[in-house]
Each structure stands twice: as structure tokens, then as C-alpha cells.
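Worksheet: the structure to be examined is printed underneath.
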There are 2 protein chains.
Amino acid sequence: MRNILLTMMYDGSCFHGWQVQNNAVSVQEVFQKALFTVFGKTEIKGCSRTDSGVHANMYCVSFHTDHRIPVGKIPAALNNYLPTSIAVMGAREMPDDFHARYSCVGKQYIYKIWNNDIRNPFLDKYALHYWYKLDISLMNEAASHFIGRHDFTSFCTLDKREKGDFHRTITDISVSASDDLVTITVQADGFLYNMVRIIVGTLLYVAQGKILPGEIPSIFEAENRSLAGPTAPAHGLYLNKVFYNDKDIYGSSLSK
Amino acid sequence: MRNILLTMMYDGSCFHGWQVQNNAVSVQEVFQKALFTVFGKTEIKGCSRTDSGVHANMYCVSFHTDHRIPVGKIPAALNNYLPTSIAVMGAREMPDDFHARYSCVGKQYIYKIWNNDIRNPFLDKYALHYWYKLDISLMNEAASHFIGRHDFTSFCTLDKREKGDFHRTITDISVSASDDLVTITVQADGFLYNMVRIIVGTLLYVAQGKILPGEIPSIFEAENRSLAGPTAPAHGLYLNKVFYNDKDIYGSSLSK
């Protein structure tokens, strides 16, 4: 059987997250219907769960099939049956043991903030609206303390699905501004539940002076969620890159 | 009475154009309700009609009022009663004879095109999706023929509201690309009905080789709508700047 890897984008404001749910429309449910139309019954593996409202600039899915459609024709074939809120960008054949989730060695998320006292109608569902002027260099000073391997107990929401190891390695984190749009980029070998959104909430607390950059190491040490900042809203968050074998499928590198 | 000028943005995908209609929700209708809540009964003057689906990065409205609220507090007061698809950005007091439409000496529109064979879920309502790779320099060569004062009969939809003078002066027109997002900017002392969308459709015909850049002058001369390109869809179009006294209210100049 062929093992196909698909990369896709989706507008998370149209869905209640990735994973199939009983009482709400998920990306997975809509995607599986389109896949069924083209490939017949297939079992798909998504690279991660994303929460309701979270967007994806790159999401990866893999599945086995006997269908002989050339890989180059798969994106258009699927996009034909998908709503415009989802787009398949690419397809390629992978070794038989490849798995979109278990083969993944890292991901990059970005978080967008509209930093202006007036809201932006075009970013209502696509960036957090934050009134007070952010001090980008102060936030970057705090962000630098996240680099490396840490126990992220203080920076995640406890989730029974986690296996108990709260160590993750952040390989890149930065805060940048382009006019009034601030982007926080976080890249790691893996992420705990709500980890990016709590890091973002903590960096916003730093900008407000509620947490000092130098206090981040002691928050790690305390292993206490209540010492970190709040969980930033979902609608500013984008899964941006997915890495397999130290590269994302477009060739950018996980390790800086 | 005070004469107040407001600048606002709106996401046109949420409305059936600016002007009040009997059977559909317009920006003007929603805006007037918010204005009534804050100022009581007022008659507003909008700077232009925008069609259904057309967006505004800057739209201007003026109205007379006896209300004594400081101008600096007007945006927040109105935004409180407006949906997130509309935002008032600024307010200022103007001379008594100022009129958002009749005092306007020019406008700038931009038109966004997502130029990639795969659609972009985030731009579905915010840019025209165009598959074939656009030749930006060829389009700019054609665009240069629009600069200056011309009779735009060939580049507008006949509209009984027009007074019969089809001359307009384009002060700036350019096509630029940033990755896969192509932006066409058109600035003029005034615009006829559908003029920007027909210019865009014509530049897309140039990119397809259906019209040569050198043919533009003869299309002007013919005064025949059927010789120009098609009317590009509304959802890529943004009213971007509005000029009063040779400057927009943020100080950029109409004449290049």
C-alpha cells in the first residue's frame, strides 16, 4: 500500500478544532468526508490535535491507500470536495512506517497580536486584540529564558492524555513586530496541552510588568501552573510548521 | 453645530455594501444605529457607495451634532455599539461646510490577488484567487497607460446616477507582489461605477495575453466597454485612502 503525506491549511474559526466530536463540526470530520469521496474508506493520522478556533498554516495528515492517483493530482482532487476554509497544499509518498504524528520531531507555532487601541475588523478571528503598547525587547528578554530543555509543568494545562513527562525542548522563540501586528514564534520538539498559549499569556504578563523576565527560571523550578500567566485566547494561534527528520517538508530546519 | 469627520474600517464580507437597502444589511444601516445610540438622531454623509463585498481600510463619514463629547472619546464610544466587523479609527472636528463626499478630492483603492495554484483559506473573502502566475512587469507596463486624465467610458459600468462626464484623472497606479500576494493600487480624483474592478479585469487580461499593453490607448479612444477586460469580483477590492485638500487625513498626498 502507498503511504501518503498531505500538508494542508485551515481557517480554525470555522471549526471546533481538529478532532472529531459528537456535537460540533471538526476539521477532521469535514476532511474525512472529502477523503472518502476520492479514496474510499481510509484511516487518517493527524499530526496533532488543535483546539477550537486555532488555525493551521501547515497541518500534516498521513494515510495508507491502494488508490493509484498520481501524488501531484491529489491536492486538486481533494480541494474540489473541501470547503474553502480548508486547502490541501501538497502531497507526497512516504516510507511505509511513516506516521504524521509519531514521526513528527517538532513543530512551530506562531501567535498573532493586533497591538493597537482600535480593533481591526479584518483580524477579529485571526489575532488577539491587545490595547496597551507592547515592549517587544522586554518580551524577548523574557522569551530567551524559555530556550532549551525544561520541565513545562508550570506552562501547561493538566491533561489526563499526557503520559507524565513534562520535559520539552524549545529550539526557537522570538517576538517581532511589523507595524501594529506582533508575532510570537515558538518552536519545540513537542508541546504540552495549551503550552504555547500559556507562554504567550506569560509574555503578556511580562509586558504588563506583572512578571519580571528574570522570574521565568523560578517559575519553571516551582512546577506550579498558577505562577505563570493566563492562557491566551485560541484565535491568535497558528500551527505554522511541522518537522520530520529535523526538517519541515519544505526544508526549513528544526534546530537553529 | 459641530461638524464631525469619522474614519472607519469595515470587513465588507459581512455586509451588502455601504448604502441602506430594503432587503439586506448594509454598513450604513448598522453604523447609523450605533450613531443614534451615542448622538441621537443625526444625518450622516458617507464618502462613497461601496458595493456588496467590497472592504474599507479607510471610509469617511461626516455629520453635524450638538453633542459635546470630546472628539478623542468618539471612536471608543461608537466602537462599543458596533459589531467587530466595523471599527471607527478616528474622529476630528471640521469646518461647518465640510462634507465627507462633496469635499473629497480623491481616493485610493487597492485590489488584492492571491496568485497561487492552491487557494488560501484565510483570504477566501479578502483576495481574488488567481491560479496562473502573473507577469507583474507586463501588468505595470499596461497600468502606465492609465495614468493621467482620460475618458473612462470603456472602463465603467453605465449607471444612470452618473452625470455624464466620464473624465477622471488617475494620479497613481501600480502592481506589486509580496510572495504570492499581488496588490494593485489605483489612485484618482474620482471613480466611475466599477472603474477599479474593470481596470483590474483589464490588467488580468493583459497578463493572459488577451490584451496587449499597447492596446490600452485605443480602448480609451473607442469609448466602448466591451473592449476592456471583465469586471473583477468585489471581494478583492478595498477603499484604502480618502483625500481632502490634496491629502488624506493621515497626511499622504493625492498628487504624486
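All residue names refer to the C-alpha cells as shown: chains lettered A, B, ... in order, residues numbered from 1 in each chain, ligands numbered from 1 in order.
Using only C-alpha atoms, the contacts of range 57-65 of chain A at a cut-off of 7 Å, with sequence neighbours closer than 6 positions omitted, comprise Met1, Arg2, Asn3, Ile4, Leu5, Leu6, Thr7, Met8, Met9, Tyr10, Thr42, Glu43, Ile44, Lys45, Gly46, Cys47, His99, Ala100, Tyr238, Leu239, Asn240, Lys241 and Val242 of chain A.
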DSSP alpha helix (DSSP H) residues within range 13-117 of chain B, as a PyMOL selection string: chain B and resi 27-39+74-79
As a VMD selection string, which residues of range 83-187 of chain B does DSSP assign to strand (DSSP E)? chain B and resid 86 to 94 104 to 114 128 to 129 148 to 151 167 to 178 181 to 187
Residues of chain A within 6 Å of chain B, counting only C-alpha atoms, what are they? List them as a list in words. Tyr10, Asp11, Thr84, Ser85, Ile86, Pro121 and Phe122 of chain A
Requested write-out: N, CA, C and O atoms of the selected residues, as an mmCIF file, in the first residue's frame:
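again-v7.cif was written with the following content:
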```cif
data_model
loop_
_atom_site.group_PDB
_atom_site.id
_atom_site.type_symbol
_atom_site.label_atom_id
_atom_site.label_comp_id
_atom_site.auth_asym_id
_atom_site.auth_seq_id
_atom_site.Cartn_x
_atom_site.Cartn_y
_atom_site.Cartn_z
ATOM 1 N N TYR A 10 -5.858 25.452 7.277
ATOM 2 C CA TYR A 10 -7.275 25.691 7.534
ATOM 3 C C TYR A 10 -7.505 26.897 8.428
ATOM 4 O O TYR A 10 -6.662 27.263 9.237
ATOM 5 N N ASP A 11 -8.659 27.497 8.206
ATOM 6 C CA ASP A 11 -9.123 28.644 8.995
ATOM 7 C C ASP A 11 -9.882 28.080 10.190
ATOM 8 O O ASP A 11 -11.014 27.624 10.058
ATOM 9 N N THR A 84 -13.957 26.059 1.311
ATOM 10 C CA THR A 84 -12.833 26.973 1.074
ATOM 11 C C THR A 84 -12.056 27.288 2.353
ATOM 12 O O THR A 84 -10.958 27.833 2.291
ATOM 13 N N SER A 85 -12.599 26.907 3.514
ATOM 14 C CA SER A 85 -11.894 27.124 4.779
ATOM 15 C C SER A 85 -10.768 26.123 5.000
ATOM 16 O O SER A 85 -10.002 26.248 5.958
ATOM 17 N N ILE A 86 -10.656 25.114 4.135
ATOM 18 C CA ILE A 86 -9.570 24.125 4.193
ATOM 19 C C ILE A 86 -8.942 24.038 2.810
ATOM 20 O O ILE A 86 -9.653 24.051 1.810
ATOM 21 N N PRO A 121 -11.085 45.086 12.136
ATOM 22 C CA PRO A 121 -12.176 44.191 11.708
ATOM 23 C C PRO A 121 -11.692 42.966 10.935
ATOM 24 O O PRO A 121 -12.330 41.919 10.983
ATOM 25 N N PHE A 122 -10.559 43.113 10.234
ATOM 26 C CA PHE A 122 -10.070 42.003 9.418
ATOM 27 C C PHE A 122 -9.339 40.942 10.238
ATOM 28 O O PHE A 122 -9.044 39.861 9.747
#
```
All residues 10 Å or closer to range 187-196 of chain A, only C-alpha atoms, same chain fewer than 2 positions away omitted, as a ChimeraX atom specification: /A:48-51,104-111,147-149,152-159,161-162,165-174,184-185,198-202,231-234,237,240-243,246,254-256
